[in-house]
Amino acid sequence: ARRALADSAPTVARNLDGEDQRSGYWIAARALGLAAAAAVPVPVPDPALAVLTCYSSSAGAFGPAALAAVESAAQEMATPLALALRLDAQTHRARNLQAALESRTVVDLAAGIIMAQNSCSQQSAVEILRSVSNSRNVKVRDVAAGVVAVVSDRVSTHFEE
């Protein structure tokens, strides 16, 4: 599979007994009774992302017809896999945006508290948060949450679901 990813081309091991005897991967495959393998890159937007690997208990398997079938299966799974990857990326993006909004809200609340306590500008308040963050090696949002916790037992954002 590593070779198929690196070369972006199908790789066939028709007899696993001929493969590197020290490789833990091939040792484990032989222990499971596997004798041949074919690895085919799946054509998704990032070509170095997915490989379909098929195994056989028969040495000599994966001739031209069998390899063509594996390539066909890899081609058929490309669209649903690309969709799944895109959905996963969107889910992570949505979570990251949610976290950013919540983090920003806490920082803004803390800045407001610091502004009220010190009669300073928002820029100065944020700079105070950054300074404390740097000196304590703690994230700004965690410092801000601590400031807000002093005046309130729970920070509630309108971004919560």
# chains A, B, ... in the order shown; residues from 1 in each chain; ligands from 1
$ closest_atom_pairs --of "segment 21-134 of chain A" --to "segment 10-13 of chain A" --cutoff "6 Å" --atoms "only C-alpha atoms" --output "CSV"
residue,atom,partner,partner_atom,distance
A:Ala36,CA,A:Ala13,CA,5.5
A:Ala37,CA,A:Ala13,CA,5.1
A:Ala38,CA,A:Val12,CA,4.4
A:Ala39,CA,A:Thr11,CA,5.2
A:Val40,CA,A:Pro10,CA,4.4
$ write_last_selection --atoms "N, CA and C atoms" --output "PDB file, in the first residue's frame"
ATOM      1  N   ALA A  36      -1.225 -13.359  -1.365  1.00  0.00           N
ATOM      2  CA  ALA A  36      -1.036 -12.358  -2.413  1.00  0.00           C
ATOM      3  C   ALA A  36      -1.808 -11.096  -2.040  1.00  0.00           C
ATOM      4  N   ALA A  37      -1.357  -9.971  -2.588  1.00  0.00           N
ATOM      5  CA  ALA A  37      -2.019  -8.689  -2.300  1.00  0.00           C
ATOM      6  C   ALA A  37      -1.921  -7.775  -3.504  1.00  0.00           C
ATOM      7  N   ALA A  38      -2.949  -6.942  -3.647  1.00  0.00           N
ATOM      8  CA  ALA A  38      -2.946  -5.904  -4.683  1.00  0.00           C
ATOM      9  C   ALA A  38      -3.384  -4.603  -4.024  1.00  0.00           C
ATOM     10  N   ALA A  39      -2.625  -3.537  -4.258  1.00  0.00           N
ATOM     11  CA  ALA A  39      -2.942  -2.221  -3.700  1.00  0.00           C
ATOM     12  C   ALA A  39      -3.094  -1.247  -4.857  1.00  0.00           C
ATOM     13  N   VAL A  40      -4.258  -0.562  -4.901  1.00  0.00           N
ATOM     14  CA  VAL A  40      -4.567   0.358  -5.992  1.00  0.00           C
ATOM     15  C   VAL A  40      -4.964   1.710  -5.401  1.00  0.00           C
TER      16      VAL A  40
END
$ select_by_dssp --residues "segment 7-125 of chain A" --states "alpha helix (DSSP H)" --output "PyMOL selection string"
chain A and resi 7+24-31+64-118+122-125
$ write_last_selection --atoms "C-alpha atoms" --output "JSON list (two decimals), in the first residue's frame"
[["chain", "number", "residue", "atom", "x", "y", "z"],
["A", 7, "ASP", "CA", 4.10, 5.77, -6.92],
["A", 24, "GLY", "CA", 6.04, -7.08, 10.30],
["A", 25, "TYR", "CA", 3.25, -6.36, 7.81],
["A", 26, "TRP", "CA", 4.07, -9.31, 5.56],
["A", 27, "ILE", "CA", 4.79, -11.60, 8.53],
["A", 28, "ALA", "CA", 1.33, -10.80, 9.93],
["A", 29, "ALA", "CA", -0.30, -11.24, 6.50],
["A", 30, "ARG", "CA", 1.30, -14.67, 6.03],
["A", 31, "ALA", "CA", 0.28, -15.64, 9.58],
["A", 64, "PRO", "CA", -4.31, -8.75, -15.21],
["A", 65, "ALA", "CA", -8.06, -9.52, -14.97],
["A", 66, "ALA", "CA", -8.14, -9.53, -11.15],
["A", 67, "LEU", "CA", -6.06, -6.36, -11.00],
["A", 68, "ALA", "CA", -8.47, -4.71, -13.45],
["A", 69, "ALA", "CA", -11.35, -5.68, -11.13],
["A", 70, "VAL", "CA", -9.56, -4.11, -8.14],
["A", 71, "GLU", "CA", -8.89, -0.95, -10.18],
["A", 72, "SER", "CA", -12.56, -0.85, -11.17],
["A", 73, "ALA", "CA", -13.63, -1.18, -7.52],
["A", 74, "ALA", "CA", -11.21, 1.61, -6.56],
["A", 75, "GLN", "CA", -12.70, 3.80, -9.27],
["A", 76, "GLU", "CA", -16.26, 3.06, -8.09],
["A", 77, "MET", "CA", -15.46, 3.92, -4.49],
["A", 78, "ALA", "CA", -13.74, 7.22, -5.38],
["A", 79, "THR", "CA", -16.91, 9.34, -5.51],
["A", 80, "PRO", "CA", -18.47, 8.16, -2.23],
["A", 81, "LEU", "CA", -15.09, 8.34, -0.51],
["A", 82, "ALA", "CA", -14.50, 11.89, -1.78],
["A", 83, "LEU", "CA", -17.97, 12.84, -0.54],
["A", 84, "ALA", "CA", -17.31, 11.30, 2.88],
["A", 85, "LEU", "CA", -14.00, 13.15, 3.12],
["A", 86, "ARG", "CA", -15.67, 16.42, 2.14],
["A", 87, "LEU", "CA", -18.43, 15.89, 4.73],
["A", 88, "ASP", "CA", -15.83, 15.10, 7.38],
["A", 89, "ALA", "CA", -13.89, 18.26, 6.49],
["A", 90, "GLN", "CA", -17.08, 20.34, 6.69],
["A", 91, "THR", "CA", -17.94, 18.82, 10.08],
["A", 92, "HIS", "CA", -14.50, 19.68, 11.40],
["A", 93, "ARG", "CA", -14.76, 23.16, 9.92],
["A", 94, "ALA", "CA", -18.16, 23.70, 11.57],
["A", 95, "ARG", "CA", -16.79, 22.52, 14.94],
["A", 96, "ASN", "CA", -13.76, 24.77, 14.60],
["A", 97, "LEU", "CA", -15.94, 27.76, 13.74],
["A", 98, "GLN", "CA", -18.21, 27.01, 16.71],
["A", 99, "ALA", "CA", -15.20, 26.81, 19.00],
["A", 100, "ALA", "CA", -13.78, 30.04, 17.57],
["A", 101, "LEU", "CA", -17.07, 31.86, 18.13],
["A", 102, "GLU", "CA", -17.30, 30.62, 21.71],
["A", 103, "SER", "CA", -13.66, 31.41, 22.37],
["A", 104, "ARG", "CA", -14.06, 34.89, 20.91],
["A", 105, "THR", "CA", -17.12, 35.51, 23.07],
["A", 106, "VAL", "CA", -15.25, 34.57, 26.25],
["A", 107, "VAL", "CA", -12.31, 36.76, 25.28],
["A", 108, "ASP", "CA", -14.64, 39.68, 24.54],
["A", 109, "LEU", "CA", -16.45, 39.23, 27.86],
["A", 110, "ALA", "CA", -13.14, 39.11, 29.73],
["A", 111, "ALA", "CA", -11.91, 42.19, 27.88],
["A", 112, "GLY", "CA", -15.09, 44.00, 28.92],
["A", 113, "ILE", "CA", -14.56, 43.03, 32.55],
["A", 114, "ILE", "CA", -10.94, 44.20, 32.44],
["A", 115, "MET", "CA", -12.00, 47.44, 30.73],
["A", 116, "ALA", "CA", -14.53, 48.12, 33.51],
["A", 117, "GLN", "CA", -12.11, 47.27, 36.31],
["A", 118, "ASN", "CA", -9.15, 49.21, 34.91],
["A", 122, "GLN", "CA", -10.44, 47.27, 24.58],
["A", 123, "GLN", "CA", -7.00, 47.08, 22.99],
["A", 124, "SER", "CA", -5.34, 47.49, 26.39],
["A", 125, "ALA", "CA", -7.62, 44.88, 27.94]]
$ select_by_dssp --residues "segment 9-109 of chain A" --states "strand (DSSP E or B)" --output "NGL selection string"
:A and (11-13 or 36-41 or 51-56)
